[in-house]
Structures are given as structure tokens and as C-alpha cells.
>>> print(open('target.pdb').read())   # PDB, C-alpha atoms
ATOM      1  CA  MET A 251      11.106  12.453   8.525
ATOM      2  CA  GLU A 252      11.384  12.391  12.312
ATOM      3  CA  GLU A 253       8.559  10.799  14.259
ATOM      4  CA  THR A 254       7.927  14.077  16.114
ATOM      5  CA  ASN A 255       7.132  15.771  12.781
ATOM      6  CA  ILE A 256       4.381  13.265  12.014
ATOM      7  CA  ARG A 257       1.114  14.720  13.204
ATOM      8  CA  SER A 258      -1.108  12.826  10.797
ATOM      9  CA  TYR A 259      -0.993   9.812   8.524
ATOM     10  CA  ARG A 260      -0.892  12.391   5.713
ATOM     11  CA  ASP A 261       2.643  13.278   6.840
ATOM     12  CA  LEU A 262       3.844   9.714   6.205
ATOM     13  CA  ARG A 263       5.773   9.279   2.964
ATOM     14  CA  VAL A 264       4.512   5.709   2.669
ATOM     15  CA  TRP A 265       0.901   6.955   2.729
ATOM     16  CA  GLN A 266       1.705   9.700   0.206
ATOM     17  CA  ASN A 267       3.337   7.135  -2.092
ATOM     18  CA  ALA A 268       0.375   4.789  -1.664
ATOM     19  CA  MET A 269      -1.956   7.609  -2.696
ATOM     20  CA  ASP A 270       0.197   8.210  -5.787
ATOM     21  CA  LEU A 271       0.018   4.478  -6.510
ATOM     22  CA  ALA A 272      -3.775   4.497  -6.299
ATOM     23  CA  GLY A 273      -3.888   7.449  -8.673
ATOM     24  CA  ALA A 274      -1.615   5.656 -11.127
ATOM     25  CA  CYS A 275      -3.846   2.582 -10.964
ATOM     26  CA  TYR A 276      -6.931   4.653 -11.691
ATOM     27  CA  GLN A 277      -5.162   6.203 -14.685
ATOM     28  CA  LEU A 278      -4.027   2.791 -15.913
ATOM     29  CA  THR A 279      -7.444   1.153 -15.600
ATOM     30  CA  ARG A 280      -9.121   3.939 -17.593
ATOM     31  CA  ARG A 281      -7.466   2.299 -20.604
ATOM     32  CA  PHE A 282      -8.736  -1.209 -19.780
ATOM     33  CA  PRO A 283     -11.563  -2.643 -21.902
ATOM     34  CA  LYS A 284     -15.017  -1.586 -20.673
ATOM     35  CA  GLU A 285     -16.076  -5.218 -20.237
ATOM     36  CA  GLU A 286     -13.560  -5.336 -17.356
ATOM     37  CA  LEU A 287     -15.425  -2.627 -15.404
ATOM     38  CA  TYR A 288     -16.766  -5.087 -12.830
ATOM     39  CA  GLY A 289     -13.785  -7.408 -13.094
ATOM     40  CA  MET A 290     -10.176  -6.359 -13.344
ATOM     41  CA  ILE A 291     -10.807  -2.595 -13.208
ATOM     42  CA  SER A 292     -12.744  -2.925  -9.978
ATOM     43  CA  GLN A 293     -10.205  -5.304  -8.435
ATOM     44  CA  VAL A 294      -7.162  -3.168  -9.286
ATOM     45  CA  ARG A 295      -8.789   0.009  -8.017
ATOM     46  CA  ARG A 296     -10.082  -1.572  -4.814
ATOM     47  CA  ALA A 297      -6.732  -3.154  -3.943
ATOM     48  CA  SER A 298      -4.793   0.042  -4.696
ATOM     49  CA  VAL A 299      -7.059   2.188  -2.523
ATOM     50  CA  SER A 300      -6.877  -0.390   0.261
ATOM     51  CA  VAL A 301      -3.124   0.127   0.662
ATOM     52  CA  ALA A 302      -3.403   3.821   1.550
ATOM     53  CA  ALA A 303      -6.646   3.323   3.490
ATOM     54  CA  ASN A 304      -5.133   0.688   5.775
ATOM     55  CA  ILE A 305      -2.074   2.824   6.475
ATOM     56  CA  ALA A 306      -4.375   5.687   7.466
ATOM     57  CA  GLU A 307      -6.705   3.516   9.531
ATOM     58  CA  GLY A 308      -3.858   1.876  11.397
ATOM     59  CA  HIS A 309      -2.281   5.226  12.191
ATOM     60  CA  GLY A 310      -5.608   6.480  13.475
ATOM     61  CA  ARG A 311      -5.974   3.616  15.946
ATOM     62  CA  ASN A 312      -3.379   5.154  18.295
ATOM     63  CA  ASN A 313      -2.283   1.669  19.302
ATOM     64  CA  ARG A 314       1.052   0.311  18.125
ATOM     65  CA  GLY A 315      -0.169  -3.287  17.847
ATOM     66  CA  ASP A 316      -3.225  -2.290  15.822
ATOM     67  CA  TYR A 317      -1.086  -0.022  13.659
ATOM     68  CA  ILE A 318       1.304  -2.858  12.853
ATOM     69  CA  GLN A 319      -1.636  -5.138  12.022
ATOM     70  CA  PHE A 320      -3.125  -2.589   9.617
ATOM     71  CA  LEU A 321       0.277  -2.095   7.976
ATOM     72  CA  ARG A 322       0.402  -5.856   7.432
ATOM     73  CA  ILE A 323      -3.053  -5.695   5.861
ATOM     74  CA  ALA A 324      -1.749  -2.913   3.605
ATOM     75  CA  GLN A 325       1.113  -5.226   2.609
ATOM     76  CA  GLY A 326      -1.424  -7.917   1.743
ATOM     77  CA  SER A 327      -3.426  -5.481  -0.377
ATOM     78  CA  LEU A 328      -0.216  -4.500  -2.128
ATOM     79  CA  LYS A 329       0.511  -8.137  -3.019
ATOM     80  CA  GLU A 330      -3.084  -8.542  -4.196
ATOM     81  CA  LEU A 331      -2.661  -5.471  -6.399
ATOM     82  CA  GLU A 332       0.578  -6.831  -7.851
ATOM     83  CA  THR A 333      -1.198 -10.096  -8.682
ATOM     84  CA  HIS A 334      -4.044  -8.302 -10.481
ATOM     85  CA  LEU A 335      -1.555  -6.190 -12.422
ATOM     86  CA  LEU A 336       0.489  -9.222 -13.439
ATOM     87  CA  LEU A 337      -2.652 -11.063 -14.484
ATOM     88  CA  SER A 338      -3.823  -8.082 -16.538
ATOM     89  CA  GLN A 339      -0.437  -8.131 -18.238
ATOM     90  CA  ASN A 340      -0.563 -11.908 -18.840
ATOM     91  CA  LEU A 341      -4.097 -11.644 -20.268
ATOM     92  CA  LYS A 342      -2.957  -8.836 -22.579
ATOM     93  CA  ILE A 343      -5.424  -6.409 -20.987
ATOM     94  CA  CYS A 344      -2.535  -4.050 -20.391
ATOM     95  CA  PRO A 345       0.961  -3.957 -21.910
ATOM     96  CA  SER A 346       3.964  -4.687 -19.713
ATOM     97  CA  HIS A 347       5.532  -1.272 -20.365
ATOM     98  CA  GLU A 348       2.520   0.290 -18.609
ATOM     99  CA  VAL A 349       2.368  -2.238 -15.770
ATOM    100  CA  GLY A 350       6.122  -2.221 -15.049
ATOM    101  CA  PRO A 351       6.393   1.263 -13.520
ATOM    102  CA  ILE A 352       3.410   0.591 -11.267
ATOM    103  CA  LEU A 353       4.946  -2.686 -10.124
ATOM    104  CA  ASP A 354       8.102  -0.703  -9.320
ATOM    105  CA  GLN A 355       5.995   1.636  -7.168
ATOM    106  CA  CYS A 356       4.511  -1.409  -5.432
ATOM    107  CA  ASP A 357       7.987  -2.727  -4.692
ATOM    108  CA  ALA A 358       9.128   0.585  -3.202
ATOM    109  CA  ILE A 359       6.011   0.899  -1.048
ATOM    110  CA  GLY A 360       6.415  -2.691   0.109
ATOM    111  CA  ARG A 361       9.951  -1.919   1.287
ATOM    112  CA  MET A 362       8.707   1.194   3.082
ATOM    113  CA  LEU A 363       5.926  -0.739   4.817
ATOM    114  CA  HIS A 364       8.381  -3.427   5.874
ATOM    115  CA  GLY A 365      10.743  -0.815   7.312
ATOM    116  CA  LEU A 366       7.940   0.975   9.156
ATOM    117  CA  ILE A 367       6.705  -2.293  10.666
ATOM    118  CA  ARG A 368      10.218  -3.200  11.804
ATOM    119  CA  SER A 369      10.675   0.252  13.316
ATOM    120  CA  LEU A 370       7.381   0.043  15.195
ATOM    121  CA  GLN A 371       8.175  -3.465  16.408
ATOM    122  CA  ALA A 372      11.591  -2.333  17.641
ATOM    123  CA  GLY A 373       9.941   0.537  19.507
ATOM    124  CA  ARG A 374       7.480  -1.864  21.109
ATOM    125  CA  LYS A 375      10.360  -4.118  22.174
ATOM    126  CA  ARG A 376      12.215  -1.158  23.713
ATOM    127  CA  ILE A 377       9.089  -0.192  25.662
ATOM    128  CA  ALA A 378       8.593  -3.775  26.900
ATOM    129  CA  ASP A 379      12.281  -4.042  27.892
ATOM    130  CA  SER A 380      12.097  -0.804  29.865
ATOM    131  CA  GLU A 381       9.037  -2.030  31.771
ATOM    132  CA  GLN A 382      10.872  -5.098  33.100
TER     133      GLN A 382
END
>>> encode(input="target.pdb", output="C-alpha cells")
Amino acid sequence: MEETNIRSYRDLRVWQNAMDLAGACYQLTRRFPKEELYGMISQVRRASVSVAANIAEGHGRNNRGDYIQFLRIAQGSLKELETHLLLSQNLKICPSHEVGPILDQCDAIGRMLHGLIRSLQAGRKRIADSEQ
């Protein structure tokens, strides 16, 4: 998608995919034991929502440096989510065949975030070079 077609964070594929990821995490955690409501369920849901929320917040800052920083925070939330999912698998809270596809989504979103950060950094470098 060309940058000129992006009028809102909602137009970003990475945000759309992060929203799908959060939805998948909510679906997954509905099957977790109820005693995990304030533990693993809460942690997985919070981390998954944080990915999309930080992409949106960074985009809304209208400042390239802030945007990059919020995308990095989204990356951190993504790694936190992966850790919670792996732990839930290791603790037998959730079977690996259910966690695997969500981890695949995490991997794809992580690559997209990395590419977006690199693109924004390259744009910032071009702007700085042109000002010299």
C-alpha cells in the first residue's frame, strides 16, 4: 500500500494484522482455565491489545521519531505476548497446536513492524541528508 493511500492507522496492514492477532488471543484465552482469569488470560490479552494500540498511538503522534518509538514498544509487547503464549504451552494451559498458529501471526507482525521501522528510519535519514 502506498504511503499516500494511508490516511489513518486503520489503513495499515500491520495494524489490521495486530487487531486480528488480538482477536485470536481473546478466542484462545476463552478456553484457558478460569483460575487463570487474573493471571495468564489477563496477561495474554493485555499484551496482544498493546501491539495494535501502540501502532495506532504512534501513528497518531504525527512525529516520525515518536512513531518509531511506539512501533518499538509494539515490538516489545509482541515479544511479551510470545513469552506468555510459550509459557502457557509449557505449563499445559494450552496445547501447542493452538498456540502455534498465533505464534506464526506474531512472527509475521514482527517482520512487518521491523520493515516499517526501517522504512521510517530511511525516510528520516533522507530528510536529514537533504537539509545539509
>>> atom_distance(input="target.pdb", atom1="atom CA of Ser298 of chain A", atom2="atom CA of Gln339 of chain A")
16.4 Å
>>> atom_distance(input="target.pdb", atom1="atom CA of Pro351 of chain A", atom2="atom CA of Gln277 of chain A")
12.6 Å
>>> atom_distance(input="target.pdb", atom1="atom CA of Val299 of chain A", atom2="atom CA of Ala272 of chain A")
5.5 Å
>>> closest_residue(input="target.pdb", among="A:Trp265, A:Ile359, A:Ser338, A:Glu286", to="Glu307 of chain A", atoms="all atoms listed in the file")
A:Trp265
>>> closest_residue(input="target.pdb", among="A:Leu331, A:Tyr259, A:Ala268, A:Met290", to="Arg311 of chain A", atoms="all atoms listed in the file")
A:Tyr259
>>> resolve_selection(input="target.pdb", expression="the PyMOL selection byres ((chain A and resi 297) around 8)", output="PyMOL selection string")
chain A and resi 293-296+298-301+327-328+330-331
>>> write_last_selection(input="target.pdb", atoms="C-alpha atoms", output="PDB file, in the frame of the given file")
ATOM      1  CA  GLN A 293     -10.205  -5.304  -8.435  1.00  0.00           C
ATOM      2  CA  VAL A 294      -7.162  -3.168  -9.286  1.00  0.00           C
ATOM      3  CA  ARG A 295      -8.789   0.009  -8.017  1.00  0.00           C
ATOM      4  CA  ARG A 296     -10.082  -1.572  -4.814  1.00  0.00           C
ATOM      5  CA  SER A 298      -4.793   0.042  -4.696  1.00  0.00           C
ATOM      6  CA  VAL A 299      -7.059   2.188  -2.523  1.00  0.00           C
ATOM      7  CA  SER A 300      -6.877  -0.390   0.261  1.00  0.00           C
ATOM      8  CA  VAL A 301      -3.124   0.127   0.662  1.00  0.00           C
ATOM      9  CA  SER A 327      -3.426  -5.481  -0.377  1.00  0.00           C
ATOM     10  CA  LEU A 328      -0.216  -4.500  -2.128  1.00  0.00           C
ATOM     11  CA  GLU A 330      -3.084  -8.542  -4.196  1.00  0.00           C
ATOM     12  CA  LEU A 331      -2.661  -5.471  -6.399  1.00  0.00           C
TER      13      LEU A 331
END
>>> axis_aligned_box(input="target.pdb", around="segment 340-358 of chain A", padding_each_side="5 Å", output="JSON")
{"center_x": 1.9, "center_y": -5.1, "center_z": -12.9, "size_x": 24.6, "size_y": 23.5, "size_z": 29.4}
>>> closest_residue(input="target.pdb", among="A:Ala358, A:Ile343, A:Val349, A:Met269", to="Lys284 of chain A", atoms="all atoms listed in the file")
A:Ile343
>>> residues_around(input="target.pdb", residues="segment 316-319 of chain A", least_positions_apart="3", cutoff="12 Å", atoms="only C-alpha atoms", output="PyMOL selection string")
chain A and resi 259+304-313+322-326+363-374
>>> closest_residue(input="target.pdb", among="A:Met362, A:Cys344, A:Leu335, A:Leu353", to="Leu321 of chain A", atoms="all atoms listed in the file")
A:Met362
>>> closest_residue(input="target.pdb", among="A:Leu337, A:Ile291, A:Ile256, A:Cys356", to="Asp270 of chain A", atoms="all atoms listed in the file")
A:Cys356
>>> closest_residue(input="target.pdb", among="A:Ala302, A:Arg361, A:Phe320, A:Glu332", to="Leu262 of chain A", atoms="only C-alpha atoms")
A:Ala302
>>> build_atoms(input="target.pdb", residues="segment 286-320 of chain A", atoms="N, CA and C atoms", output="CSV table (one decimal), in the frame of the given file")
chain,number,residue,atom,x,y,z
A,286,GLU,N,-14.3,-5.0,-18.6
A,286,GLU,CA,-13.6,-5.3,-17.4
A,286,GLU,C,-14.0,-4.4,-16.2
A,287,LEU,N,-15.0,-3.6,-16.4
A,287,LEU,CA,-15.4,-2.6,-15.4
A,287,LEU,C,-15.7,-3.3,-14.1
A,288,TYR,N,-16.4,-4.4,-14.1
A,288,TYR,CA,-16.8,-5.1,-12.8
A,288,TYR,C,-15.8,-6.2,-12.5
A,289,GLY,N,-14.8,-6.4,-13.3
A,289,GLY,CA,-13.8,-7.4,-13.1
A,289,GLY,C,-12.5,-6.8,-12.7
A,290,MET,N,-11.5,-6.8,-13.6
A,290,MET,CA,-10.2,-6.4,-13.3
A,290,MET,C,-10.1,-4.9,-12.9
A,291,ILE,N,-10.8,-4.0,-13.6
A,291,ILE,CA,-10.8,-2.6,-13.2
A,291,ILE,C,-11.2,-2.4,-11.7
A,292,SER,N,-12.3,-3.0,-11.4
A,292,SER,CA,-12.7,-2.9,-10.0
A,292,SER,C,-11.7,-3.5,-9.0
A,293,GLN,N,-11.2,-4.6,-9.3
A,293,GLN,CA,-10.2,-5.3,-8.4
A,293,GLN,C,-8.9,-4.5,-8.3
A,294,VAL,N,-8.4,-4.0,-9.3
A,294,VAL,CA,-7.2,-3.2,-9.3
A,294,VAL,C,-7.4,-1.9,-8.5
A,295,ARG,N,-8.5,-1.2,-8.7
A,295,ARG,CA,-8.8,0.0,-8.0
A,295,ARG,C,-9.0,-0.2,-6.5
A,296,ARG,N,-9.8,-1.3,-6.2
A,296,ARG,CA,-10.1,-1.6,-4.8
A,296,ARG,C,-8.8,-1.9,-4.0
A,297,ALA,N,-8.0,-2.8,-4.6
A,297,ALA,CA,-6.7,-3.2,-3.9
A,297,ALA,C,-5.8,-2.0,-3.8
A,298,SER,N,-5.7,-1.1,-4.8
A,298,SER,CA,-4.8,0.0,-4.7
A,298,SER,C,-5.2,1.0,-3.6
A,299,VAL,N,-6.5,1.3,-3.5
A,299,VAL,CA,-7.1,2.2,-2.5
A,299,VAL,C,-6.9,1.6,-1.1
A,300,SER,N,-7.0,0.3,-1.0
A,300,SER,CA,-6.9,-0.4,0.3
A,300,SER,C,-5.5,-0.2,0.9
A,301,VAL,N,-4.5,-0.1,0.1
A,301,VAL,CA,-3.1,0.1,0.7
A,301,VAL,C,-3.1,1.4,1.5
A,302,ALA,N,-3.4,2.5,0.9
A,302,ALA,CA,-3.4,3.8,1.6
A,302,ALA,C,-4.4,3.9,2.7
A,303,ALA,N,-5.6,3.3,2.5
A,303,ALA,CA,-6.6,3.3,3.5
A,303,ALA,C,-6.2,2.6,4.8
A,304,ASN,N,-5.6,1.5,4.6
A,304,ASN,CA,-5.1,0.7,5.8
A,304,ASN,C,-4.0,1.4,6.5
A,305,ILE,N,-3.1,2.0,5.8
A,305,ILE,CA,-2.1,2.8,6.5
A,305,ILE,C,-2.7,3.9,7.3
A,306,ALA,N,-3.7,4.6,6.7
A,306,ALA,CA,-4.4,5.7,7.5
A,306,ALA,C,-5.2,5.1,8.7
A,307,GLU,N,-5.9,4.1,8.4
A,307,GLU,CA,-6.7,3.5,9.5
A,307,GLU,C,-5.8,3.0,10.7
A,308,GLY,N,-4.8,2.4,10.3
A,308,GLY,CA,-3.9,1.9,11.4
A,308,GLY,C,-3.3,3.0,12.2
A,309,HIS,N,-2.9,4.1,11.5
A,309,HIS,CA,-2.3,5.2,12.2
A,309,HIS,C,-3.3,5.9,13.1
A,310,GLY,N,-4.6,5.9,12.7
A,310,GLY,CA,-5.6,6.5,13.5
A,310,GLY,C,-6.0,5.7,14.7
A,311,ARG,N,-5.6,4.5,14.8
A,311,ARG,CA,-6.0,3.6,15.9
A,311,ARG,C,-5.3,4.0,17.2
A,312,ASN,N,-4.1,4.7,17.1
A,312,ASN,CA,-3.4,5.2,18.3
A,312,ASN,C,-3.0,4.0,19.2
A,313,ASN,N,-2.7,2.9,18.6
A,313,ASN,CA,-2.3,1.7,19.3
A,313,ASN,C,-1.3,1.0,18.4
A,314,ARG,N,0.0,0.8,18.9
A,314,ARG,CA,1.1,0.3,18.1
A,314,ARG,C,0.7,-1.1,17.5
A,315,GLY,N,0.2,-1.9,18.3
A,315,GLY,CA,-0.2,-3.3,17.8
A,315,GLY,C,-1.2,-3.3,16.7
A,316,ASP,N,-2.2,-2.4,16.9
A,316,ASP,CA,-3.2,-2.3,15.8
A,316,ASP,C,-2.6,-1.7,14.6
A,317,TYR,N,-1.7,-0.7,14.8
A,317,TYR,CA,-1.1,0.0,13.7
A,317,TYR,C,-0.3,-1.0,12.8
A,318,ILE,N,0.5,-1.8,13.5
A,318,ILE,CA,1.3,-2.9,12.9
A,318,ILE,C,0.4,-3.8,12.1
A,319,GLN,N,-0.7,-4.2,12.7
A,319,GLN,CA,-1.6,-5.1,12.0
A,319,GLN,C,-2.2,-4.5,10.7
A,320,PHE,N,-2.6,-3.2,10.8
A,320,PHE,CA,-3.1,-2.6,9.6
A,320,PHE,C,-2.0,-2.4,8.5
